[in-house]
$ cat input_14.txt   # compact mmCIF, N, CA and C atoms
# COMPACT_ATOMS: atom_id res chain seq x y z
N MET A 14 46.95 -71.73 91.29
CA MET A 14 47.19 -73.13 91.64
C MET A 14 48.69 -73.44 91.67
N GLU A 15 49.49 -72.75 90.86
CA GLU A 15 50.92 -73.03 90.80
C GLU A 15 51.61 -72.83 92.14
N SER A 16 51.13 -71.85 92.93
CA SER A 16 51.77 -71.59 94.22
C SER A 16 51.59 -72.76 95.19
N ALA A 17 50.60 -73.58 94.94
CA ALA A 17 50.34 -74.72 95.83
C ALA A 17 51.03 -75.99 95.35
N LEU A 18 51.63 -75.97 94.16
CA LEU A 18 52.19 -77.19 93.60
C LEU A 18 53.36 -77.73 94.43
N LEU A 19 54.31 -76.89 94.78
CA LEU A 19 55.46 -77.37 95.55
C LEU A 19 55.06 -77.90 96.92
N PRO A 20 54.26 -77.15 97.72
CA PRO A 20 53.84 -77.72 99.00
C PRO A 20 53.02 -79.01 98.84
N LEU A 21 52.23 -79.09 97.78
CA LEU A 21 51.44 -80.30 97.54
C LEU A 21 52.34 -81.49 97.24
N LEU A 22 53.36 -81.28 96.43
CA LEU A 22 54.28 -82.37 96.11
C LEU A 22 55.12 -82.78 97.32
N ILE A 23 55.54 -81.81 98.12
CA ILE A 23 56.27 -82.12 99.36
C ILE A 23 55.36 -82.90 100.30
N ASN A 24 54.12 -82.45 100.42
CA ASN A 24 53.16 -83.13 101.29
C ASN A 24 52.92 -84.56 100.82
N ALA A 25 52.77 -84.73 99.51
CA ALA A 25 52.55 -86.07 98.97
C ALA A 25 53.75 -86.97 99.23
N ALA A 26 54.95 -86.46 98.98
CA ALA A 26 56.15 -87.28 99.17
C ALA A 26 56.28 -87.70 100.64
N ALA A 27 56.10 -86.75 101.55
CA ALA A 27 56.24 -87.07 102.98
C ALA A 27 55.15 -88.04 103.43
N THR A 28 53.93 -87.80 103.00
CA THR A 28 52.82 -88.66 103.40
C THR A 28 52.96 -90.07 102.85
N LEU A 29 53.31 -90.18 101.58
CA LEU A 29 53.45 -91.51 100.99
C LEU A 29 54.62 -92.27 101.61
N TYR A 30 55.70 -91.57 101.89
CA TYR A 30 56.84 -92.19 102.58
C TYR A 30 56.40 -92.71 103.94
N MET A 31 55.71 -91.86 104.72
CA MET A 31 55.29 -92.25 106.06
C MET A 31 54.26 -93.38 106.02
N THR A 32 53.43 -93.40 105.00
CA THR A 32 52.44 -94.48 104.89
C THR A 32 53.13 -95.82 104.67
N GLY A 33 54.08 -95.85 103.77
CA GLY A 33 54.82 -97.10 103.55
C GLY A 33 55.57 -97.53 104.80
N LEU A 34 56.18 -96.56 105.46
CA LEU A 34 56.96 -96.87 106.66
C LEU A 34 56.05 -97.38 107.79
N ILE A 35 54.90 -96.74 107.99
CA ILE A 35 54.04 -97.13 109.10
C ILE A 35 53.46 -98.53 108.88
N TRP A 36 53.19 -98.91 107.63
CA TRP A 36 52.70 -100.26 107.36
C TRP A 36 53.79 -101.29 107.66
N PHE A 37 55.04 -100.97 107.32
CA PHE A 37 56.15 -101.87 107.67
C PHE A 37 56.28 -101.99 109.18
N VAL A 38 56.23 -100.86 109.86
CA VAL A 38 56.34 -100.86 111.32
C VAL A 38 55.20 -101.67 111.93
N GLN A 39 53.99 -101.46 111.45
CA GLN A 39 52.82 -102.12 112.02
C GLN A 39 52.83 -103.63 111.80
N LEU A 40 53.19 -104.05 110.59
CA LEU A 40 53.10 -105.47 110.25
C LEU A 40 54.36 -106.27 110.56
N VAL A 41 55.52 -105.60 110.59
CA VAL A 41 56.78 -106.33 110.75
C VAL A 41 57.53 -105.89 112.01
N HIS A 42 57.88 -104.63 112.06
CA HIS A 42 58.80 -104.15 113.08
C HIS A 42 58.25 -104.25 114.51
N TYR A 43 57.08 -103.67 114.76
CA TYR A 43 56.54 -103.74 116.12
C TYR A 43 56.27 -105.17 116.58
N PRO A 44 55.65 -106.02 115.75
CA PRO A 44 55.43 -107.39 116.22
C PRO A 44 56.73 -108.13 116.54
N LEU A 45 57.81 -107.87 115.81
CA LEU A 45 59.07 -108.57 116.06
C LEU A 45 59.79 -108.10 117.31
N MET A 46 59.37 -106.97 117.88
CA MET A 46 60.00 -106.50 119.11
C MET A 46 59.94 -107.54 120.23
N SER A 47 58.91 -108.34 120.22
CA SER A 47 58.77 -109.34 121.28
C SER A 47 59.77 -110.49 121.12
N GLN A 48 60.47 -110.55 119.99
CA GLN A 48 61.42 -111.62 119.73
C GLN A 48 62.87 -111.25 120.09
N VAL A 49 63.10 -110.02 120.54
CA VAL A 49 64.45 -109.54 120.79
C VAL A 49 65.10 -110.27 121.96
N GLY A 50 64.35 -110.54 122.99
CA GLY A 50 64.91 -111.20 124.18
C GLY A 50 65.17 -110.19 125.28
N ALA A 51 65.04 -110.63 126.50
CA ALA A 51 65.14 -109.74 127.65
C ALA A 51 66.53 -109.16 127.83
N ASP A 52 67.57 -109.94 127.56
CA ASP A 52 68.93 -109.48 127.83
C ASP A 52 69.31 -108.24 127.04
N GLY A 53 68.99 -108.20 125.77
CA GLY A 53 69.39 -107.06 124.95
C GLY A 53 68.29 -106.08 124.65
N TYR A 54 67.13 -106.27 125.27
CA TYR A 54 65.98 -105.46 124.86
C TYR A 54 66.16 -103.97 125.16
N ARG A 55 66.65 -103.64 126.33
CA ARG A 55 66.78 -102.23 126.70
C ARG A 55 67.66 -101.50 125.70
N GLN A 56 68.81 -102.06 125.33
CA GLN A 56 69.70 -101.44 124.36
C GLN A 56 69.04 -101.37 122.98
N TYR A 57 68.33 -102.44 122.64
CA TYR A 57 67.61 -102.46 121.36
C TYR A 57 66.60 -101.33 121.29
N GLN A 58 65.81 -101.16 122.34
CA GLN A 58 64.76 -100.14 122.34
C GLN A 58 65.36 -98.74 122.26
N LEU A 59 66.43 -98.49 122.98
CA LEU A 59 67.08 -97.17 122.92
C LEU A 59 67.62 -96.90 121.52
N ALA A 60 68.25 -97.90 120.91
CA ALA A 60 68.75 -97.74 119.54
C ALA A 60 67.58 -97.54 118.57
N HIS A 61 66.52 -98.30 118.79
CA HIS A 61 65.31 -98.16 117.96
C HIS A 61 64.79 -96.72 118.00
N GLN A 62 64.67 -96.16 119.18
CA GLN A 62 64.15 -94.80 119.33
C GLN A 62 65.05 -93.79 118.61
N ASN A 63 66.35 -93.90 118.79
CA ASN A 63 67.27 -92.96 118.15
C ASN A 63 67.24 -93.07 116.63
N LEU A 64 67.30 -94.28 116.12
CA LEU A 64 67.32 -94.48 114.67
C LEU A 64 65.97 -94.16 114.03
N THR A 65 64.91 -94.49 114.71
CA THR A 65 63.58 -94.19 114.18
C THR A 65 63.37 -92.67 114.07
N SER A 66 63.88 -91.93 115.04
CA SER A 66 63.78 -90.46 114.98
C SER A 66 64.41 -89.93 113.70
N LEU A 67 65.52 -90.51 113.29
CA LEU A 67 66.18 -90.08 112.06
C LEU A 67 65.34 -90.41 110.83
N ALA A 68 64.64 -91.54 110.88
CA ALA A 68 63.84 -91.99 109.74
C ALA A 68 62.52 -91.25 109.62
N VAL A 69 61.91 -90.87 110.75
CA VAL A 69 60.57 -90.27 110.71
C VAL A 69 60.56 -88.77 110.95
N GLY A 70 61.52 -88.26 111.70
CA GLY A 70 61.50 -86.85 112.07
C GLY A 70 61.42 -85.89 110.89
N PRO A 71 62.35 -85.97 109.94
CA PRO A 71 62.29 -85.05 108.80
C PRO A 71 61.01 -85.19 107.97
N ALA A 72 60.56 -86.42 107.76
CA ALA A 72 59.34 -86.63 106.96
C ALA A 72 58.12 -86.08 107.68
N MET A 73 58.01 -86.33 108.98
CA MET A 73 56.85 -85.81 109.73
C MET A 73 56.87 -84.28 109.76
N LEU A 74 58.04 -83.69 109.90
CA LEU A 74 58.14 -82.23 109.90
C LEU A 74 57.79 -81.67 108.52
N ALA A 75 58.28 -82.29 107.47
CA ALA A 75 57.94 -81.84 106.11
C ALA A 75 56.45 -81.97 105.85
N GLU A 76 55.86 -83.05 106.33
CA GLU A 76 54.42 -83.26 106.16
C GLU A 76 53.63 -82.17 106.89
N LEU A 77 54.03 -81.87 108.12
CA LEU A 77 53.35 -80.84 108.90
C LEU A 77 53.47 -79.47 108.25
N LEU A 78 54.69 -79.07 107.91
CA LEU A 78 54.90 -77.74 107.33
C LEU A 78 54.22 -77.58 105.98
N SER A 79 54.25 -78.63 105.17
CA SER A 79 53.59 -78.53 103.86
C SER A 79 52.06 -78.55 104.01
N ALA A 80 51.54 -79.27 105.00
CA ALA A 80 50.09 -79.24 105.26
C ALA A 80 49.66 -77.85 105.72
N LEU A 81 50.47 -77.23 106.57
CA LEU A 81 50.20 -75.85 107.00
C LEU A 81 50.24 -74.89 105.81
N ALA A 82 51.22 -75.07 104.94
CA ALA A 82 51.34 -74.21 103.76
C ALA A 82 50.13 -74.37 102.84
N LEU A 83 49.68 -75.59 102.65
CA LEU A 83 48.51 -75.82 101.79
C LEU A 83 47.27 -75.12 102.33
N VAL A 84 47.09 -75.15 103.63
CA VAL A 84 45.95 -74.46 104.24
C VAL A 84 46.13 -72.95 104.12
N ALA A 85 47.35 -72.46 104.33
CA ALA A 85 47.60 -71.02 104.24
C ALA A 85 47.35 -70.49 102.82
N ILE A 86 47.66 -71.31 101.81
CA ILE A 86 47.46 -70.90 100.41
C ILE A 86 45.98 -70.84 100.07
N ASN A 87 45.19 -71.74 100.63
CA ASN A 87 43.74 -71.76 100.37
C ASN A 87 43.01 -72.16 101.64
N THR A 88 42.63 -71.16 102.43
CA THR A 88 41.99 -71.43 103.72
C THR A 88 40.55 -71.91 103.58
N LYS A 89 39.98 -71.83 102.38
CA LYS A 89 38.57 -72.21 102.20
C LYS A 89 38.38 -73.66 101.75
N ASP A 90 39.46 -74.37 101.51
CA ASP A 90 39.37 -75.74 101.02
C ASP A 90 39.25 -76.70 102.21
N PRO A 91 38.07 -77.30 102.40
CA PRO A 91 37.89 -78.19 103.55
C PRO A 91 38.78 -79.43 103.50
N TRP A 92 39.18 -79.87 102.31
CA TRP A 92 40.02 -81.05 102.18
C TRP A 92 41.43 -80.78 102.70
N ARG A 93 41.91 -79.57 102.51
CA ARG A 93 43.22 -79.20 103.04
C ARG A 93 43.17 -79.15 104.57
N TRP A 94 42.06 -78.64 105.09
CA TRP A 94 41.88 -78.62 106.56
C TRP A 94 41.79 -80.05 107.10
N ALA A 95 41.11 -80.92 106.36
CA ALA A 95 41.01 -82.32 106.79
C ALA A 95 42.40 -82.96 106.83
N GLY A 96 43.21 -82.66 105.83
CA GLY A 96 44.58 -83.18 105.81
C GLY A 96 45.39 -82.67 107.00
N LEU A 97 45.25 -81.39 107.30
CA LEU A 97 45.97 -80.81 108.43
C LEU A 97 45.46 -81.41 109.75
N ALA A 98 44.17 -81.62 109.86
CA ALA A 98 43.61 -82.23 111.07
C ALA A 98 44.16 -83.64 111.27
N ALA A 99 44.30 -84.38 110.18
CA ALA A 99 44.87 -85.73 110.28
C ALA A 99 46.33 -85.67 110.73
N VAL A 100 47.07 -84.69 110.22
CA VAL A 100 48.47 -84.53 110.66
C VAL A 100 48.50 -84.21 112.16
N ALA A 101 47.61 -83.34 112.61
CA ALA A 101 47.56 -83.00 114.04
C ALA A 101 47.24 -84.25 114.87
N ALA A 102 46.32 -85.07 114.40
CA ALA A 102 45.98 -86.31 115.11
C ALA A 102 47.17 -87.27 115.14
N LEU A 103 47.91 -87.33 114.05
CA LEU A 103 49.10 -88.18 114.00
C LEU A 103 50.16 -87.73 114.98
N TRP A 104 50.39 -86.42 115.03
CA TRP A 104 51.37 -85.88 115.98
C TRP A 104 50.91 -86.12 117.42
N ALA A 105 49.62 -85.93 117.67
CA ALA A 105 49.10 -86.14 119.02
C ALA A 105 49.23 -87.60 119.44
N SER A 106 48.88 -88.51 118.54
CA SER A 106 49.00 -89.93 118.86
C SER A 106 50.46 -90.30 119.11
N THR A 107 51.34 -89.79 118.28
CA THR A 107 52.76 -90.08 118.44
C THR A 107 53.27 -89.58 119.78
N ALA A 108 52.94 -88.33 120.10
CA ALA A 108 53.46 -87.71 121.34
C ALA A 108 52.79 -88.25 122.60
N LEU A 109 51.50 -88.50 122.53
CA LEU A 109 50.75 -88.85 123.73
C LEU A 109 50.57 -90.35 123.97
N VAL A 110 50.75 -91.14 122.92
CA VAL A 110 50.53 -92.58 123.06
C VAL A 110 51.81 -93.37 122.76
N GLN A 111 52.30 -93.27 121.51
CA GLN A 111 53.42 -94.11 121.12
C GLN A 111 54.72 -93.75 121.86
N MET A 112 55.04 -92.47 121.97
CA MET A 112 56.29 -92.10 122.65
C MET A 112 56.31 -92.53 124.12
N PRO A 113 55.24 -92.33 124.88
CA PRO A 113 55.25 -92.85 126.26
C PRO A 113 55.39 -94.38 126.33
N LEU A 114 54.79 -95.09 125.39
CA LEU A 114 54.93 -96.54 125.38
C LEU A 114 56.36 -96.95 125.06
N HIS A 115 56.99 -96.24 124.13
CA HIS A 115 58.40 -96.51 123.85
C HIS A 115 59.26 -96.19 125.07
N ALA A 116 58.92 -95.15 125.80
CA ALA A 116 59.67 -94.81 127.01
C ALA A 116 59.55 -95.93 128.05
N THR A 117 58.36 -96.49 128.18
CA THR A 117 58.16 -97.63 129.09
C THR A 117 59.02 -98.81 128.64
N LEU A 118 59.00 -99.08 127.34
CA LEU A 118 59.77 -100.20 126.81
C LEU A 118 61.27 -99.97 126.90
N ALA A 119 61.70 -98.72 126.98
CA ALA A 119 63.14 -98.43 127.13
C ALA A 119 63.66 -98.91 128.47
N GLY A 120 62.78 -99.12 129.43
CA GLY A 120 63.17 -99.67 130.73
C GLY A 120 63.31 -101.19 130.70
N GLY A 121 62.90 -101.81 129.62
CA GLY A 121 62.93 -103.26 129.48
C GLY A 121 61.63 -103.73 128.85
N PHE A 122 61.65 -104.91 128.27
CA PHE A 122 60.45 -105.39 127.60
C PHE A 122 59.31 -105.57 128.57
N ASP A 123 58.16 -105.01 128.21
CA ASP A 123 56.95 -105.09 129.00
C ASP A 123 55.85 -105.59 128.06
N PRO A 124 55.38 -106.82 128.22
CA PRO A 124 54.40 -107.38 127.29
C PRO A 124 53.14 -106.54 127.14
N GLU A 125 52.67 -105.96 128.23
CA GLU A 125 51.46 -105.14 128.16
C GLU A 125 51.71 -103.86 127.37
N ALA A 126 52.83 -103.18 127.62
CA ALA A 126 53.16 -101.97 126.86
C ALA A 126 53.38 -102.30 125.40
N HIS A 127 54.01 -103.42 125.13
CA HIS A 127 54.22 -103.83 123.74
C HIS A 127 52.89 -104.08 123.04
N ALA A 128 51.99 -104.79 123.69
CA ALA A 128 50.67 -105.06 123.10
C ALA A 128 49.91 -103.76 122.83
N ARG A 129 49.99 -102.82 123.76
CA ARG A 129 49.34 -101.51 123.56
C ARG A 129 49.98 -100.76 122.40
N LEU A 130 51.30 -100.84 122.29
CA LEU A 130 51.99 -100.17 121.19
C LEU A 130 51.49 -100.69 119.85
N VAL A 131 51.42 -101.99 119.72
CA VAL A 131 50.96 -102.59 118.47
C VAL A 131 49.50 -102.23 118.19
N SER A 132 48.65 -102.34 119.19
CA SER A 132 47.22 -102.09 118.96
C SER A 132 46.91 -100.62 118.72
N THR A 133 47.54 -99.73 119.47
CA THR A 133 47.23 -98.30 119.29
C THR A 133 47.86 -97.73 118.02
N ASN A 134 48.87 -98.40 117.49
CA ASN A 134 49.51 -97.91 116.27
C ASN A 134 48.61 -98.08 115.04
N TRP A 135 47.56 -98.88 115.17
CA TRP A 135 46.62 -99.02 114.05
C TRP A 135 45.97 -97.68 113.71
N LEU A 136 45.78 -96.81 114.70
CA LEU A 136 45.22 -95.49 114.42
C LEU A 136 46.14 -94.71 113.48
N ARG A 137 47.43 -94.70 113.77
CA ARG A 137 48.36 -93.98 112.90
C ARG A 137 48.43 -94.63 111.52
N THR A 138 48.38 -95.95 111.49
CA THR A 138 48.40 -96.65 110.20
C THR A 138 47.18 -96.24 109.36
N ALA A 139 46.02 -96.21 109.97
CA ALA A 139 44.80 -95.81 109.26
C ALA A 139 44.86 -94.34 108.83
N LEU A 140 45.33 -93.47 109.73
CA LEU A 140 45.39 -92.04 109.39
C LEU A 140 46.36 -91.77 108.24
N TRP A 141 47.54 -92.40 108.26
CA TRP A 141 48.47 -92.17 107.16
C TRP A 141 47.95 -92.77 105.86
N THR A 142 47.26 -93.88 105.94
CA THR A 142 46.67 -94.47 104.74
C THR A 142 45.60 -93.54 104.17
N ALA A 143 44.76 -93.00 105.03
CA ALA A 143 43.74 -92.05 104.58
C ALA A 143 44.38 -90.78 104.02
N ARG A 144 45.44 -90.30 104.67
CA ARG A 144 46.15 -89.11 104.16
C ARG A 144 46.73 -89.37 102.78
N SER A 145 47.23 -90.59 102.55
CA SER A 145 47.75 -90.92 101.22
C SER A 145 46.66 -90.81 100.16
N ALA A 146 45.50 -91.37 100.46
CA ALA A 146 44.39 -91.27 99.52
C ALA A 146 44.01 -89.81 99.30
N LEU A 147 43.97 -89.04 100.37
CA LEU A 147 43.60 -87.62 100.26
C LEU A 147 44.61 -86.85 99.42
N VAL A 148 45.89 -87.03 99.70
CA VAL A 148 46.89 -86.24 98.98
C VAL A 148 46.95 -86.65 97.51
N LEU A 149 46.73 -87.91 97.20
CA LEU A 149 46.67 -88.32 95.80
C LEU A 149 45.44 -87.72 95.11
N TRP A 150 44.35 -87.65 95.84
CA TRP A 150 43.15 -87.02 95.29
C TRP A 150 43.39 -85.52 95.06
N LEU A 151 44.09 -84.85 96.00
CA LEU A 151 44.41 -83.43 95.82
C LEU A 151 45.29 -83.21 94.60
N ILE A 152 46.23 -84.11 94.36
CA ILE A 152 47.07 -84.01 93.16
C ILE A 152 46.22 -84.19 91.91
N ALA A 153 45.34 -85.18 91.90
CA ALA A 153 44.46 -85.41 90.75
C ALA A 153 43.57 -84.20 90.50
N ARG A 154 43.07 -83.62 91.55
CA ARG A 154 42.21 -82.42 91.43
C ARG A 154 43.00 -81.25 90.87
N ALA A 155 44.23 -81.07 91.35
CA ALA A 155 45.09 -79.99 90.84
C ALA A 155 45.42 -80.23 89.38
N TRP A 156 45.67 -81.47 89.02
CA TRP A 156 46.00 -81.81 87.64
C TRP A 156 44.83 -81.49 86.71
N GLN A 157 43.63 -81.82 87.14
CA GLN A 157 42.43 -81.56 86.33
C GLN A 157 42.19 -80.08 86.13
N SER A 158 42.52 -79.27 87.12
CA SER A 158 42.20 -77.85 87.05
C SER A 158 43.28 -77.03 86.34
N ARG A 159 44.31 -77.67 85.86
CA ARG A 159 45.37 -76.88 85.19
C ARG A 159 45.11 -76.62 83.76
$ encode --input "input_14.txt" --output "structure tokens"
Amino acid sequence: MESALLPLLINAAATLYMTGLIWFVQLVHYPLMSQVGADGYRQYQLAHQNLTSLAVGPAMLAELLSALALVAINTKDPWRWAGLAAVAALWASTALVQMPLHATLAGGFDPEAHARLVSTNWLRTALWTARSALVLWLIARAWQSR
């Protein structure tokens, strides 16, 4: 079990960080995008994309690599596979849904793209929330078995 402790703690830290961040984005940041105004929106969106990459990129990568490590350490644990599947779904949603919507918004504010961004982001919010519960449960399970 000791060999899984470091990847588990890295996974928990990255997941919990992303869960807090995604709830802020969902409830505050994305809804306020409509208040920026047409004149400065394009520059705002480009800055948003660049700065957000700095805030989420390392955490998402750490989450992915540590989820892969957890599965590699114990390939028979279905909960670790479930965690990795959720990470894959998060990456897919980010790459296939949210990033294209941000690219559309980089051309200027588009109310329809903005509404889709807010509504489709609920999937990522739910997945990261579920991952937080899962990773905390994995920590509790590891603690009990020591």
$ closest_atom_pairs --input "input_14.txt" --of "region 110-154 of chain A" --to "region 87-105 of chain A" --cutoff "6.5 Å" --atoms "all atoms listed in the file" --output "tab-separated table"
residue	atom	partner	partner_atom	distance
A:Val110	N	A:Ala105	C	5.2
A:Arg137	CA	A:Leu103	CA	5.9
A:Leu140	CA	A:Ala99	CA	6.4
A:Arg144	CA	A:Gly96	CA	6.4
$ closest_residue --input "input_14.txt" --among "A:Val148, A:Ala108, A:Ala72, A:Ala128" --to "Ala25 (chain A)" --atoms "only N, CA and C atoms"
A:Val148
$ closest_residue --input "input_14.txt" --among "A:Ser79, A:Thr142, A:Gln58, A:Ser66" --to "Leu21 (chain A)" --atoms "only N, CA and C atoms"
A:Ser79
$ closest_residue --input "input_14.txt" --among "A:Leu19, A:Gln111, A:Arg154, A:Gly33" --to "Asn134 (chain A)" --atoms "all atoms listed in the file"
A:Gln111
$ atom_distance --input "input_14.txt" --atom1 "CA of Leu29 (chain A)" --atom2 "CA of Leu64 (chain A)"
19.7 Å
$ atom_distance --input "input_14.txt" --atom1 "atom C of Pro20 (chain A)" --atom2 "CA of Leu83 (chain A)"
6.3 Å
$ axis_aligned_box --input "input_14.txt" --around "region 62-72 of chain A" --padding-each-side "4 Å" --output "AutoDock Vina command-line options"
--center_x 62.7 --center_y -90.6 --center_z 113.1 --size_x 17.2 --size_y 19.1 --size_z 20.4
$ closest_residue --input "input_14.txt" --among "A:Ala51, A:Met46, A:Ala17, A:Leu22" --to "His127 (chain A)" --atoms "only C-alpha atoms"
A:Met46
$ atom_distance --input "input_14.txt" --atom1 "CA of Ala126 (chain A)" --atom2 "atom C of Leu114 (chain A)"
6.2 Å
$ residues_around --input "input_14.txt" --residues "Trp156 (chain A)" --least-positions-apart "4" --cutoff "12 Å" --atoms "only C-alpha atoms" --output "compact mmCIF listing (two decimals) with N, CA and C atoms, keeping the file's coordinate frame"
# COMPACT_ATOMS: atom_id res chain seq x y z
N MET A 14 46.95 -71.73 91.29
CA MET A 14 47.19 -73.13 91.64
C MET A 14 48.69 -73.44 91.67
N GLU A 15 49.49 -72.75 90.86
CA GLU A 15 50.92 -73.03 90.80
C GLU A 15 51.61 -72.83 92.14
N ALA A 17 50.60 -73.58 94.94
CA ALA A 17 50.34 -74.72 95.83
C ALA A 17 51.03 -75.99 95.35
N LEU A 18 51.63 -75.97 94.16
CA LEU A 18 52.19 -77.19 93.60
C LEU A 18 53.36 -77.73 94.43
N LEU A 21 52.23 -79.09 97.78
CA LEU A 21 51.44 -80.30 97.54
C LEU A 21 52.34 -81.49 97.24
N LEU A 22 53.36 -81.28 96.43
CA LEU A 22 54.28 -82.37 96.11
C LEU A 22 55.12 -82.78 97.32
N LEU A 149 46.73 -87.91 97.20
CA LEU A 149 46.67 -88.32 95.80
C LEU A 149 45.44 -87.72 95.11
N TRP A 150 44.35 -87.65 95.84
CA TRP A 150 43.15 -87.02 95.29
C TRP A 150 43.39 -85.52 95.06
N LEU A 151 44.09 -84.85 96.00
CA LEU A 151 44.41 -83.43 95.82
C LEU A 151 45.29 -83.21 94.60
N ILE A 152 46.23 -84.11 94.36
CA ILE A 152 47.07 -84.01 93.16
C ILE A 152 46.22 -84.19 91.91
$ closest_residue --input "input_14.txt" --among "A:Thr28, A:Gln157, A:Ile35, A:Ser132" --to "Ser145 (chain A)" --atoms "all atoms listed in the file"
A:Thr28
$ residues_around --input "input_14.txt" --residues "Leu130 (chain A)" --least-positions-apart "5" --cutoff "10 Å" --atoms "only C-alpha atoms" --output "NGL selection string"
:A and (39 or 43-44 or 110-115 or 118 or 124-125 or 135)
$ residues_near_point --input "input_14.txt" --point "(66.3, -96.2, 120.0)" --cutoff "12 Å" --atoms "only C-alpha atoms" --output "PyMOL selection string"
chain A and resi 54-68+112+115-116+118-120
$ closest_residue --input "input_14.txt" --among "A:Leu34, A:Ile86, A:Ala27, A:Leu147" --to "Leu74 (chain A)" --atoms "only N, CA and C atoms"
A:Ala27
$ select_by_dssp --input "input_14.txt" --residues "region 35-129 of chain A" --states "alpha helix (DSSP H)" --output "number ranges by chain"
A: 35-37, 43-45, 51-86, 91-106, 112-119, 124-129
